[in-house]
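Asker: Before anything else, here's the structure in question.
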Amino acid sequence: MKKTFVCVALLLAVSLSGCNQPAKTPPPADQGAATPAPGGGTATVDAQAIYKQNCISCHGANFEGGVGPNLTKVGGKYSKDQIAAIVANGRGGMPSFKGRLSDADTSAISDWLAAKK
């Protein structure tokens, strides 16, 4: 019994150690979102790069899931605002990204994922 518990604990630790780590494979190509830049104009926030740096290790290079849920059709299930709230506050095993992502980054990744229907 103790051996089984240790094995399960090690498996869980190894599974979670990959979360929020840079990925080795890029996600499918897609566009970023334009956001206001300081001093006027707009700056492009690259939602794909945000996904690659923060999400791919749990949600997969093709949004297929793994440690985290499948996101291939997440926009059909949640609105942009609901996705933004999940990203900012976390949910279940997903950590909060409030303080790790800027509001512009959270908005860009939420827009991008909401388009996946």
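Here's how to read the names in the structure tokens: chain A, B, ... by the order shown, residue numbers from 1 in each chain, ligand numbers from 1 in the order shown.
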Using only C-alpha atoms, which residues sit within 8 Å of segment 107-115 of chain A once same-chain residues fewer than 5 positions away are excluded, as number ranges by chain?
Answerer: A: 31-33, 45-48, 50-51, 71, 74-76, 78-81, 83-84, 87
Asker: What is the distance between atom CA of Lys117 of chain A and atom CA of Lys77 of chain A, in Å to one decimal?
Answerer: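 These atoms are spaced 7.9 Å apart.
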Asker: Determine the nearest neighbour of Ile56 of chain A from the options A:Ser96, A:Gly90, A:Leu101, A:Gly68, counting only C-alpha atoms.
Answerer: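 Ranking A:Ser96, A:Gly90, A:Leu101, A:Gly68 by distance to Ile56 of chain A, first place goes to A:Gly68.
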Asker: Could you tell me how far atom CA of Gly99 of chain A sits from atom CA of Asn62 of chain A, in Å to one decimal place?
Answerer: 26.0 Å
Asker: Between atom CA of Asn89 of chain A and atom CA of Ala104 of chain A, what distance in Å does the model show, to one decimal?
Answerer: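 Going from atom CA of Asn89 of chain A over to atom CA of Ala104 of chain A, I get 15.4 Å.
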